[in-house]
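Asker: Just one file: target.cif, with mmCIF, C-alpha atoms and all ligand atoms.
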data_protein
loop_
_atom_site.group_PDB
_atom_site.id
_atom_site.type_symbol
_atom_site.label_atom_id
_atom_site.label_comp_id
_atom_site.auth_asym_id
_atom_site.auth_seq_id
_atom_site.Cartn_x
_atom_site.Cartn_y
_atom_site.Cartn_z
ATOM 1 C CA MET D 1 0.000 0.000 0.000
ATOM 2 C CA LEU D 2 1.218 3.483 -0.843
ATOM 3 C CA ILE D 3 2.344 5.410 2.234
ATOM 4 C CA ILE D 4 1.730 9.151 2.296
ATOM 5 C CA ALA D 5 4.270 10.928 4.499
ATOM 6 C CA GLY D 6 4.137 14.546 5.591
ATOM 7 C CA HIS D 7 7.169 16.558 4.442
ATOM 8 C CA ARG D 8 8.898 18.509 7.245
ATOM 9 C CA GLY D 9 5.844 17.552 9.323
ATOM 10 C CA ALA D 10 3.010 18.901 7.224
ATOM 11 C CA ALA D 11 4.764 21.919 5.749
ATOM 12 C CA GLY D 12 1.908 23.045 3.517
ATOM 13 C CA SER D 13 -0.416 23.778 6.412
ATOM 14 C CA THR D 14 1.814 24.205 9.490
ATOM 15 C CA PRO D 15 5.290 25.653 10.127
ATOM 16 C CA GLU D 16 7.846 23.163 8.829
ATOM 17 C CA ASN D 17 9.666 20.962 11.346
ATOM 18 C CA SER D 18 7.459 22.111 14.240
ATOM 19 C CA LEU D 19 5.587 20.164 16.889
ATOM 20 C CA ALA D 20 2.398 21.686 15.399
ATOM 21 C CA GLY D 21 3.269 19.836 12.196
ATOM 22 C CA LEU D 22 3.292 16.528 14.068
ATOM 23 C CA ASP D 23 -0.126 17.338 15.547
ATOM 24 C CA ARG D 24 -1.440 18.146 12.084
ATOM 25 C CA ALA D 25 -0.035 14.906 10.646
ATOM 26 C CA ALA D 26 -1.726 12.919 13.392
ATOM 27 C CA GLN D 27 -5.015 14.772 12.839
ATOM 28 C CA LEU D 28 -4.848 13.886 9.146
ATOM 29 C CA GLY D 29 -4.435 10.241 10.099
ATOM 30 C CA LEU D 30 -0.934 9.967 8.616
ATOM 31 C CA HIS D 31 1.363 7.207 9.781
ATOM 32 C CA TRP D 32 4.652 8.776 8.625
ATOM 33 C CA VAL D 33 6.372 12.149 8.847
ATOM 34 C CA GLU D 34 9.663 13.301 7.326
ATOM 35 C CA PHE D 35 11.769 15.915 9.136
ATOM 36 C CA ASP D 36 15.330 17.314 9.188
ATOM 37 C CA THR D 37 17.967 17.313 11.885
ATOM 38 C CA PHE D 38 21.471 18.684 12.504
ATOM 39 C CA LEU D 39 23.543 20.011 15.402
ATOM 40 C CA SER D 40 23.415 23.160 17.497
ATOM 41 C CA LYS D 41 26.641 24.872 18.607
ATOM 42 C CA ASP D 42 26.635 22.764 21.797
ATOM 43 C CA HIS D 43 26.252 19.552 19.763
ATOM 44 C CA GLN D 44 22.596 18.938 20.535
ATOM 45 C CA ALA D 45 20.443 17.489 17.750
ATOM 46 C CA ILE D 46 17.849 20.023 16.622
ATOM 47 C CA VAL D 47 14.908 19.834 14.230
ATOM 48 C CA PHE D 48 15.320 22.441 11.494
ATOM 49 C CA HIS D 49 15.951 22.439 7.754
ATOM 50 C CA ASP D 50 17.943 25.475 6.658
ATOM 51 C CA GLU D 51 21.516 26.220 7.602
ATOM 52 C CA THR D 52 20.418 29.773 8.452
ATOM 53 C CA LEU D 53 17.633 30.978 10.703
ATOM 54 C CA GLU D 54 16.084 33.839 8.741
ATOM 55 C CA ARG D 55 13.517 32.063 6.563
ATOM 56 C CA CYS D 56 11.778 30.008 9.251
ATOM 57 C CA SER D 57 12.321 31.861 12.516
ATOM 58 C CA ASN D 58 12.803 35.292 14.018
ATOM 59 C CA GLY D 59 16.507 34.534 14.530
ATOM 60 C CA GLN D 60 19.535 35.498 12.490
ATOM 61 C CA GLY D 61 22.680 33.787 11.268
ATOM 62 C CA LYS D 62 23.610 30.136 11.191
ATOM 63 C CA ALA D 63 21.610 27.794 13.424
ATOM 64 C CA ALA D 64 24.797 25.852 14.174
ATOM 65 C CA GLU D 65 26.383 28.957 15.686
ATOM 66 C CA HIS D 66 23.758 29.075 18.462
ATOM 67 C CA THR D 67 23.318 26.807 21.462
ATOM 68 C CA LEU D 68 20.144 24.789 21.881
ATOM 69 C CA ALA D 69 19.094 27.097 24.726
ATOM 70 C CA GLU D 70 19.527 30.146 22.470
ATOM 71 C CA LEU D 71 17.648 28.482 19.608
ATOM 72 C CA GLN D 72 14.787 27.636 21.908
ATOM 73 C CA THR D 73 14.152 31.317 22.625
ATOM 74 C CA LEU D 74 13.199 31.778 18.949
ATOM 75 C CA ASP D 75 9.737 31.742 17.433
ATOM 76 C CA VAL D 76 9.499 29.285 14.545
ATOM 77 C CA GLY D 77 5.764 29.639 13.928
ATOM 78 C CA ALA D 78 4.858 33.300 13.408
ATOM 79 C CA TRP D 79 6.648 33.534 10.027
ATOM 80 C CA PHE D 80 4.207 30.946 8.695
ATOM 81 C CA ALA D 81 0.955 32.330 10.118
ATOM 82 C CA PRO D 82 -0.011 34.366 13.211
ATOM 83 C CA GLU D 83 -1.894 31.466 14.813
ATOM 84 C CA PHE D 84 1.395 29.551 15.075
ATOM 85 C CA ALA D 85 3.223 32.292 16.996
ATOM 86 C CA GLY D 86 4.937 30.806 20.028
ATOM 87 C CA GLN D 87 6.041 27.567 18.375
ATOM 88 C CA THR D 88 9.585 26.915 19.499
ATOM 89 C CA LEU D 89 12.397 25.176 17.636
ATOM 90 C CA PRO D 90 12.234 21.527 18.724
ATOM 91 C CA SER D 91 15.170 19.578 20.026
ATOM 92 C CA LEU D 92 15.342 16.122 18.475
ATOM 93 C CA ARG D 93 14.415 14.758 21.898
ATOM 94 C CA GLU D 94 11.201 16.801 22.062
ATOM 95 C CA TYR D 95 10.323 15.853 18.510
ATOM 96 C CA LEU D 96 10.871 12.128 19.059
ATOM 97 C CA LEU D 97 8.869 12.121 22.276
ATOM 98 C CA HIS D 98 5.993 14.059 20.719
ATOM 99 C CA ALA D 99 5.894 11.780 17.669
ATOM 100 C CA LYS D 100 6.014 8.733 19.902
ATOM 101 C CA SER D 101 3.089 10.033 21.982
ATOM 102 C CA LEU D 102 1.122 10.460 18.716
ATOM 103 C CA LYS D 103 2.196 7.008 17.493
ATOM 104 C CA LEU D 104 3.747 8.536 14.369
ATOM 105 C CA LYS D 105 6.541 6.821 12.469
ATOM 106 C CA LEU D 106 9.464 9.017 11.497
ATOM 107 C CA ASN D 107 11.722 9.494 8.518
ATOM 108 C CA LEU D 108 14.606 11.361 10.127
ATOM 109 C CA GLU D 109 16.757 13.156 7.556
ATOM 110 C CA LEU D 110 20.336 13.796 8.630
ATOM 111 C CA LYS D 111 21.134 17.216 7.182
ATOM 112 C CA TYR D 112 24.767 17.594 6.308
ATOM 113 C CA HIS D 113 25.697 21.234 6.867
ATOM 114 C CA GLN D 114 29.470 20.577 6.945
ATOM 115 C CA GLN D 115 29.333 19.541 10.608
ATOM 116 C CA PRO D 116 31.359 16.601 11.950
ATOM 117 C CA ARG D 117 29.414 13.547 10.835
ATOM 118 C CA GLN D 118 30.411 11.523 13.846
ATOM 119 C CA GLN D 119 28.990 14.108 16.260
ATOM 120 C CA LEU D 120 25.654 14.277 14.466
ATOM 121 C CA VAL D 121 25.300 10.506 14.268
ATOM 122 C CA GLU D 122 26.234 10.111 17.926
ATOM 123 C CA ALA D 123 23.763 12.810 18.974
ATOM 124 C CA VAL D 124 20.969 11.134 17.030
ATOM 125 C CA LEU D 125 21.760 7.700 18.464
ATOM 126 C CA LYS D 126 21.824 9.154 21.979
ATOM 127 C CA GLU D 127 18.386 10.747 21.595
ATOM 128 C CA VAL D 128 16.760 7.716 19.979
ATOM 129 C CA GLU D 129 18.019 5.630 22.867
ATOM 130 C CA HIS D 130 17.024 8.192 25.506
ATOM 131 C CA CYS D 131 13.469 8.344 24.107
ATOM 132 C CA ASP D 132 13.323 4.593 23.647
ATOM 133 C CA PHE D 133 11.937 5.346 20.188
ATOM 134 C CA PRO D 134 10.906 2.085 18.463
ATOM 135 C CA LEU D 135 13.442 1.287 15.740
ATOM 136 C CA ASP D 136 10.711 -0.269 13.608
ATOM 137 C CA ASP D 137 9.084 3.170 13.478
ATOM 138 C CA LEU D 138 12.233 4.991 12.427
ATOM 139 C CA LEU D 139 13.844 5.341 9.013
ATOM 140 C CA ILE D 140 16.999 7.424 8.740
ATOM 141 C CA SER D 141 17.793 9.090 5.416
ATOM 142 C CA SER D 142 20.395 11.480 4.074
ATOM 143 C CA PHE D 143 21.726 12.899 0.823
ATOM 144 C CA ASP D 144 25.137 12.521 2.447
ATOM 145 C CA HIS D 145 26.279 8.958 1.797
ATOM 146 C CA GLN D 146 29.237 9.323 4.182
ATOM 147 C CA SER D 147 26.884 10.062 7.098
ATOM 148 C CA LEU D 148 24.842 6.954 6.339
ATOM 149 C CA LEU D 149 27.982 4.825 6.016
ATOM 150 C CA PHE D 150 29.177 6.038 9.364
ATOM 151 C CA LEU D 151 25.790 5.400 10.950
ATOM 152 C CA HIS D 152 25.551 1.936 9.421
ATOM 153 C CA HIS D 153 28.913 0.937 10.875
ATOM 154 C CA GLN D 154 28.069 2.451 14.238
ATOM 155 C CA ALA D 155 24.557 1.020 14.547
ATOM 156 C CA PRO D 156 23.720 -1.593 11.871
ATOM 157 C CA GLN D 157 20.288 -2.195 13.392
ATOM 158 C CA PHE D 158 18.959 1.111 12.033
ATOM 159 C CA LYS D 159 16.889 1.167 8.846
ATOM 160 C CA LEU D 160 18.497 3.467 6.286
ATOM 161 C CA ALA D 161 17.418 5.192 3.098
ATOM 162 C CA GLN D 162 19.741 6.901 0.634
ATOM 163 C CA LEU D 163 18.406 10.224 -0.666
ATOM 164 C CA TYR D 164 19.176 11.331 -4.202
ATOM 165 C CA GLU D 165 18.571 14.354 -6.337
ATOM 166 C CA GLU D 166 20.001 13.049 -9.610
ATOM 167 C CA ILE D 167 20.509 9.295 -9.208
ATOM 168 C CA PRO D 168 24.226 8.509 -9.668
ATOM 169 C CA ASN D 169 25.566 5.623 -11.743
ATOM 170 C CA ASN D 170 26.861 3.843 -8.637
ATOM 171 C CA TRP D 171 23.515 3.856 -6.805
ATOM 172 C CA GLN D 172 23.470 0.082 -6.454
ATOM 173 C CA GLN D 173 26.894 0.019 -4.798
ATOM 174 C CA GLN D 174 25.924 2.855 -2.448
ATOM 175 C CA LEU D 175 22.694 1.131 -1.379
ATOM 176 C CA GLN D 176 24.564 -2.127 -0.791
ATOM 177 C CA ASP D 177 27.274 -0.424 1.231
ATOM 178 C CA ILE D 178 24.774 0.876 3.787
ATOM 179 C CA LYS D 179 22.431 -2.136 3.558
ATOM 180 C CA ALA D 180 19.705 0.341 2.680
ATOM 181 C CA VAL D 181 16.081 -0.653 2.918
ATOM 182 C CA ALA D 182 14.947 2.215 0.709
ATOM 183 C CA CYS D 183 15.926 4.800 -1.833
ATOM 184 C CA HIS D 184 14.350 8.274 -1.724
ATOM 185 C CA VAL D 185 14.351 10.116 -5.035
ATOM 186 C CA ASP D 186 13.292 13.431 -6.515
ATOM 187 C CA TYR D 187 10.298 12.657 -8.744
ATOM 188 C CA GLN D 188 11.435 15.381 -11.172
ATOM 189 C CA GLN D 189 14.793 13.682 -11.712
ATOM 190 C CA THR D 190 13.710 10.039 -11.821
ATOM 191 C CA SER D 191 12.569 8.128 -14.881
ATOM 192 C CA VAL D 192 10.114 5.258 -14.815
ATOM 193 C CA GLU D 193 12.972 2.983 -15.919
ATOM 194 C CA GLN D 194 15.145 4.054 -12.977
ATOM 195 C CA ALA D 195 12.236 3.573 -10.559
ATOM 196 C CA LYS D 196 11.672 0.093 -11.949
ATOM 197 C CA GLN D 197 15.349 -0.835 -11.596
ATOM 198 C CA ILE D 198 15.453 0.275 -7.960
ATOM 199 C CA LYS D 199 12.334 -1.748 -7.155
ATOM 200 C CA LEU D 200 13.587 -4.806 -9.034
ATOM 201 C CA ALA D 201 16.834 -4.593 -7.038
ATOM 202 C CA GLY D 202 14.706 -5.114 -3.927
ATOM 203 C CA TYR D 203 14.524 -1.656 -2.383
ATOM 204 C CA ARG D 204 11.557 0.343 -1.226
ATOM 205 C CA LEU D 205 11.119 3.496 -3.269
ATOM 206 C CA SER D 206 9.981 6.870 -1.977
ATOM 207 C CA THR D 207 9.723 10.160 -3.786
ATOM 208 C CA TYR D 208 9.754 13.790 -2.667
ATOM 209 C CA THR D 209 8.370 16.475 -2.621
ATOM 210 C CA VAL D 210 5.155 15.847 -4.458
ATOM 211 C CA ASN D 211 2.454 18.420 -3.965
ATOM 212 C CA GLU D 212 0.263 17.611 -6.984
ATOM 213 C CA PRO D 213 -0.799 13.949 -7.261
ATOM 214 C CA LYS D 214 -0.974 14.079 -11.063
ATOM 215 C CA GLU D 215 2.768 14.758 -11.237
ATOM 216 C CA ILE D 216 3.628 11.179 -10.264
ATOM 217 C CA THR D 217 1.080 9.252 -12.336
ATOM 218 C CA ALA D 218 3.793 7.460 -14.331
ATOM 219 C CA LEU D 219 5.971 6.598 -11.317
ATOM 220 C CA LEU D 220 3.080 5.522 -9.105
ATOM 221 C CA PRO D 221 3.141 1.767 -9.855
ATOM 222 C CA TRP D 222 6.725 1.625 -8.540
ATOM 223 C CA LEU D 223 6.347 3.748 -5.425
ATOM 224 C CA ASP D 224 6.036 2.698 -1.804
ATOM 225 C CA MET D 225 5.959 6.181 -0.281
ATOM 226 C CA VAL D 226 5.192 9.731 -1.353
ATOM 227 C CA ILE D 227 6.539 12.629 0.723
ATOM 228 C CA SER D 228 4.349 15.715 0.439
ATOM 229 C CA ASP D 229 3.867 19.151 1.962
ATOM 230 C CA PHE D 230 0.136 18.584 1.349
ATOM 231 C CA PRO D 231 -0.453 14.938 2.279
ATOM 232 C CA GLU D 232 -4.172 15.669 2.526
ATOM 233 C CA ARG D 233 -4.273 15.939 -1.287
ATOM 234 C CA PHE D 234 -3.400 12.234 -1.536
ATOM 235 C CA LEU D 235 -5.822 10.907 1.063
HETATM 236 O O1 LIG D 301 13.555 13.673 2.554
HETATM 237 C C1 LIG D 301 13.014 14.261 1.421
HETATM 238 C C2 LIG D 301 13.258 15.751 1.377
HETATM 239 O O2 LIG D 301 13.007 16.286 2.638
HETATM 240 C C3 LIG D 301 14.642 16.095 0.940
HETATM 241 O O3 LIG D 301 14.819 17.461 0.707
HETATM 242 O O4 LIG D 301 15.561 19.720 1.256
HETATM 243 O O5 LIG D 301 13.239 19.037 1.775
HETATM 244 O O6 LIG D 301 15.121 18.143 3.104
HETATM 245 P P1 LIG D 301 14.681 18.625 1.763
HETATM 246 MG MG MG D 302 14.132 16.752 4.427
#
Is it possible to express this structure as structure tokens?
Answerer:
Amino acid sequence: MLIIAGHRGAAGSTPENSLAGLDRAAQLGLHWVEFDTFLSKDHQAIVFHDETLERCSNGQGKAAEHTLAELQTLDVGAWFAPEFAGQTLPSLREYLLHAKSLKLKLNLELKYHQQPRQQLVEAVLKEVEHCDFPLDDLLISSFDHQSLLFLHHQAPQFKLAQLYEEIPNNWQQQLQDIKAVACHVDYQQTSVEQAKQIKLAGYRLSTYTVNEPKEITALLPWLDMVISDFPERFL
């Protein structure tokens, strides 16, 4: 059955990567949410997409140059709509615990913003363990193959997905190297033939970020998951 996952929570109708987005996803009856994580200045895993704060908060500069405590003084909701004023930037711990309380499954995207890979992976592992988040309900993805390789060697029990924009020629080798369960591709840069090959090689196939259902008509027979800002359009 095709899984519909909310992108950055449910970024079409709530501030991206916010706890409000998790609430919205649960209200819509979704089972899966995608979100982004990287490190604060004090090496805490945070839930945020951009390297810089301006677009999605009332802060300034690079997120990674602020401590978690500083980041948590920011408003990450008002930029989206006044009714979301007061939303704070979630730590990974808060996000995992909130998702767990809502029984949501998570696609955690490791965002590589030139931070030490080992520190990010270790921070994520620490929080997943602290929250006792069920590993069956967690899929970890990244565009950064090196981060996934490191994670796979550190904790082979985690389910991994390689993210691609343009699919490289060595995709099969990369998926094997991390014992991936899935491949997450940009629907605008993936042909039906490529989708078929990935499926025939035994991997689950997801595509992002699809906001108009008609745009993936051709790929649909090969897809296991669609990641959308507007998951409600697929329900
Ligand atoms: O995981 C799919 C998608 O989130 C990848 O792109 O930039 O939205 O994190 P981005
Ligand atoms: Mg993402």
Asker: Take atom CA of Gln174 of chain D and atom CA of Phe35 of chain D and report the distance between them in Å, one decimal.
Answerer: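 Between atom CA of Gln174 of chain D and atom CA of Phe35 of chain D the gap is 22.5 Å.
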Asker: Excluding Arg233 of chain D and residues on its chain fewer than 3 positions from it, collect all residues at most 10 Å away from it, counting all atoms listed in the file, and give them as a ChimeraX atom specification.
Answerer: /D:4,210-213,228-230
Asker: Check which residues fall inside 10 Å of ligand LIG 301 (chain D) when counting only C-alpha atoms and all ligand atoms, and print them as a PDB file with C-alpha atoms, keeping the file's coordinate frame.
Answerer:
ATOM      1  CA  ALA D   5       4.270  10.928   4.499  1.00  0.00           C
ATOM      2  CA  GLY D   6       4.137  14.546   5.591  1.00  0.00           C
ATOM      3  CA  HIS D   7       7.169  16.558   4.442  1.00  0.00           C
ATOM      4  CA  ARG D   8       8.898  18.509   7.245  1.00  0.00           C
ATOM      5  CA  GLY D   9       5.844  17.552   9.323  1.00  0.00           C
ATOM      6  CA  ALA D  11       4.764  21.919   5.749  1.00  0.00           C
ATOM      7  CA  GLU D  16       7.846  23.163   8.829  1.00  0.00           C
ATOM      8  CA  VAL D  33       6.372  12.149   8.847  1.00  0.00           C
ATOM      9  CA  GLU D  34       9.663  13.301   7.326  1.00  0.00           C
ATOM     10  CA  PHE D  35      11.769  15.915   9.136  1.00  0.00           C
ATOM     11  CA  ASP D  36      15.330  17.314   9.188  1.00  0.00           C
ATOM     12  CA  THR D  37      17.967  17.313  11.885  1.00  0.00           C
ATOM     13  CA  PHE D  48      15.320  22.441  11.494  1.00  0.00           C
ATOM     14  CA  HIS D  49      15.951  22.439   7.754  1.00  0.00           C
ATOM     15  CA  ASP D  50      17.943  25.475   6.658  1.00  0.00           C
ATOM     16  CA  ASN D 107      11.722   9.494   8.518  1.00  0.00           C
ATOM     17  CA  LEU D 108      14.606  11.361  10.127  1.00  0.00           C
ATOM     18  CA  GLU D 109      16.757  13.156   7.556  1.00  0.00           C
ATOM     19  CA  LEU D 110      20.336  13.796   8.630  1.00  0.00           C
ATOM     20  CA  LYS D 111      21.134  17.216   7.182  1.00  0.00           C
ATOM     21  CA  ILE D 140      16.999   7.424   8.740  1.00  0.00           C
ATOM     22  CA  SER D 141      17.793   9.090   5.416  1.00  0.00           C
ATOM     23  CA  SER D 142      20.395  11.480   4.074  1.00  0.00           C
ATOM     24  CA  PHE D 143      21.726  12.899   0.823  1.00  0.00           C
ATOM     25  CA  ALA D 161      17.418   5.192   3.098  1.00  0.00           C
ATOM     26  CA  GLN D 162      19.741   6.901   0.634  1.00  0.00           C
ATOM     27  CA  LEU D 163      18.406  10.224  -0.666  1.00  0.00           C
ATOM     28  CA  TYR D 164      19.176  11.331  -4.202  1.00  0.00           C
ATOM     29  CA  GLU D 165      18.571  14.354  -6.337  1.00  0.00           C
ATOM     30  CA  HIS D 184      14.350   8.274  -1.724  1.00  0.00           C
ATOM     31  CA  VAL D 185      14.351  10.116  -5.035  1.00  0.00           C
ATOM     32  CA  ASP D 186      13.292  13.431  -6.515  1.00  0.00           C
ATOM     33  CA  SER D 206       9.981   6.870  -1.977  1.00  0.00           C
ATOM     34  CA  THR D 207       9.723  10.160  -3.786  1.00  0.00           C
ATOM     35  CA  TYR D 208       9.754  13.790  -2.667  1.00  0.00           C
ATOM     36  CA  THR D 209       8.370  16.475  -2.621  1.00  0.00           C
ATOM     37  CA  VAL D 210       5.155  15.847  -4.458  1.00  0.00           C
ATOM     38  CA  VAL D 226       5.192   9.731  -1.353  1.00  0.00           C
ATOM     39  CA  ILE D 227       6.539  12.629   0.723  1.00  0.00           C
ATOM     40  CA  SER D 228       4.349  15.715   0.439  1.00  0.00           C
ATOM     41  CA  ASP D 229       3.867  19.151   1.962  1.00  0.00           C
TER      42      ASP D 229
END
Asker: Evaluate the PyMOL selection byres (((chain D and resi 79) around 12) and not hetatm) against this structure - the residues, as a list in words, please.
Answerer: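 When the PyMOL selection byres (((chain D and resi 79) around 12) and not hetatm) is applied to the shown file, the picked residues are Thr14, Pro15, Glu16, Leu53, Glu54, Arg55, Cys56, Ser57, Asn58, Gly59, Leu74, Asp75, Val76, Gly77, Ala78, Phe80, Ala81, Pro82, Glu83, Phe84, Ala85, Gly86, Gln87 and Thr88 of chain D.
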Asker: Residue by residue, what does the PyMOL selection byres (((chain D and resi 38) around 10) and not hetatm) grab here? Present the result as a PyMOL selection string.
Answerer: chain D and resi 36-37+39-40+43-51+63-64+91-92+109-115+117+119-121+123-124
Asker: Adding 5 Å on each side of the box along x, y and z that holds all listed atoms of segment 52-61 of chain D, could you give its centre and edge lengths in Å to one decimal, as JSON?
Answerer:
{"center_x": 17.2, "center_y": 32.6, "center_z": 10.5, "size_x": 20.9, "size_y": 15.7, "size_z": 18.0}
Asker: So the first atom is atom CA of Ala180 of chain D and the second is atom CA of Leu223 of chain D; what is the distance between them in Å, to one decimal place?
Answerer: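 Atom CA of Ala180 of chain D sits 16.0 Å away from atom CA of Leu223 of chain D.
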Asker: When you look at His31 of chain D with a cut-off of 10 Å (counting all atoms listed in the file), what residues show up, excluding the ones that are within fewer than 5 positions of it in the same chain? I need them as a list in words.
Answerer: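 Contacts, with the query itself left out: Ile3, Ile4, Ala5, Gly6, Ala25, Ala26, Leu102, Lys103, Leu104, Lys105, Leu106 and Asp137 of chain D.
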Asker: Using only C-alpha atoms and all ligand atoms for the distances, tell me which of D:Arg93, D:Leu28, D:Trp222, D:Asp144 is nearest to ligand MG 302 (chain D).
Answerer: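 Selected residue with least distance to ligand MG 302 (chain D): D:Asp144.
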Asker: Go through D:His145, D:Lys62, D:His98, D:Lys179 and flag the residue nearest Gln157 of chain D, using all atoms listed in the file for the distances.
Answerer: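 Nearest candidate to Gln157 of chain D out of D:His145, D:Lys62, D:His98, D:Lys179: D:Lys179.
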Asker: Hey, can you check how far atom CA of Pro221 of chain D sits from atom CA of Ile178 of chain D?
Answerer: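 So the answer is 25.6 Å.
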Asker: Please provide as a PyMOL selection string all residues within 9 Å of Leu97 of chain D, with the sequence filter that same-chain residues fewer than 6 positions apart are discarded (counting only C-alpha atoms).
Answerer: chain D and resi 131-133
Asker: Expanded to explicit residues, what is the PyMOL selection byres (((chain D and resi 201) around 12) and not hetatm) for this file, as a list in words?
Answerer: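 Output of the PyMOL selection byres (((chain D and resi 201) around 12) and not hetatm): Trp171, Gln172, Gln173, Leu175, Gln176, Ala180, Val181, Ala182, Cys183, Gln194, Ala195, Lys196, Gln197, Ile198, Lys199, Leu200, Gly202, Tyr203, Arg204, Leu205 and Trp222 of chain D.
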Asker: Please return as a list in words every residue within 10 Å of (-4.7, 15.9, 9.4), taking into account all atoms listed in the file and the file's own coordinates.
Answerer: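 I get Gly6, Ala10, Ser13, Gly21, Leu22, Asp23, Arg24, Ala25, Ala26, Gln27, Leu28, Gly29, Leu30, Phe230, Pro231, Glu232 and Leu235 of chain D for the residues within 10 Å of that point.
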Asker: Restricted to N, CA and C atoms, what does segment 21-32 of chain D look like when written out as a PDB file, in the first residue's frame?
Answerer:
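As a result, result-v4.pdb now contains:
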ATOM      1  N   GLY D  21       3.316  20.664  13.408  1.00  0.00           N
ATOM      2  CA  GLY D  21       3.269  19.836  12.196  1.00  0.00           C
ATOM      3  C   GLY D  21       2.995  18.372  12.531  1.00  0.00           C
ATOM      4  N   LEU D  22       3.574  17.904  13.636  1.00  0.00           N
ATOM      5  CA  LEU D  22       3.292  16.528  14.068  1.00  0.00           C
ATOM      6  C   LEU D  22       1.818  16.387  14.449  1.00  0.00           C
ATOM      7  N   ASP D  23       1.293  17.383  15.161  1.00  0.00           N
ATOM      8  CA  ASP D  23      -0.126  17.338  15.547  1.00  0.00           C
ATOM      9  C   ASP D  23      -1.012  17.276  14.304  1.00  0.00           C
ATOM     10  N   ARG D  24      -0.670  18.104  13.332  1.00  0.00           N
ATOM     11  CA  ARG D  24      -1.440  18.146  12.084  1.00  0.00           C
ATOM     12  C   ARG D  24      -1.378  16.785  11.368  1.00  0.00           C
ATOM     13  N   ALA D  25      -0.187  16.216  11.311  1.00  0.00           N
ATOM     14  CA  ALA D  25      -0.035  14.906  10.646  1.00  0.00           C
ATOM     15  C   ALA D  25      -0.915  13.861  11.335  1.00  0.00           C
ATOM     16  N   ALA D  26      -0.909  13.891  12.655  1.00  0.00           N
ATOM     17  CA  ALA D  26      -1.726  12.919  13.392  1.00  0.00           C
ATOM     18  C   ALA D  26      -3.219  13.173  13.137  1.00  0.00           C
ATOM     19  N   GLN D  27      -3.605  14.454  13.108  1.00  0.00           N
ATOM     20  CA  GLN D  27      -5.015  14.772  12.839  1.00  0.00           C
ATOM     21  C   GLN D  27      -5.448  14.283  11.461  1.00  0.00           C
ATOM     22  N   LEU D  28      -4.525  14.341  10.505  1.00  0.00           N
ATOM     23  CA  LEU D  28      -4.848  13.886   9.146  1.00  0.00           C
ATOM     24  C   LEU D  28      -4.893  12.357   9.051  1.00  0.00           C
ATOM     25  N   GLY D  29      -4.448  11.707  10.113  1.00  0.00           N
ATOM     26  CA  GLY D  29      -4.435  10.241  10.099  1.00  0.00           C
ATOM     27  C   GLY D  29      -3.222   9.662   9.408  1.00  0.00           C
ATOM     28  N   LEU D  30      -2.159  10.484   9.240  1.00  0.00           N
ATOM     29  CA  LEU D  30      -0.934   9.967   8.616  1.00  0.00           C
ATOM     30  C   LEU D  30      -0.234   9.001   9.554  1.00  0.00           C
ATOM     31  N   HIS D  31       0.550   8.113   8.973  1.00  0.00           N
ATOM     32  CA  HIS D  31       1.363   7.207   9.781  1.00  0.00           C
ATOM     33  C   HIS D  31       2.824   7.634   9.775  1.00  0.00           C
ATOM     34  N   TRP D  32       3.242   8.431   8.779  1.00  0.00           N
ATOM     35  CA  TRP D  32       4.652   8.776   8.625  1.00  0.00           C
ATOM     36  C   TRP D  32       4.858  10.279   8.436  1.00  0.00           C
TER      37      TRP D  32
END
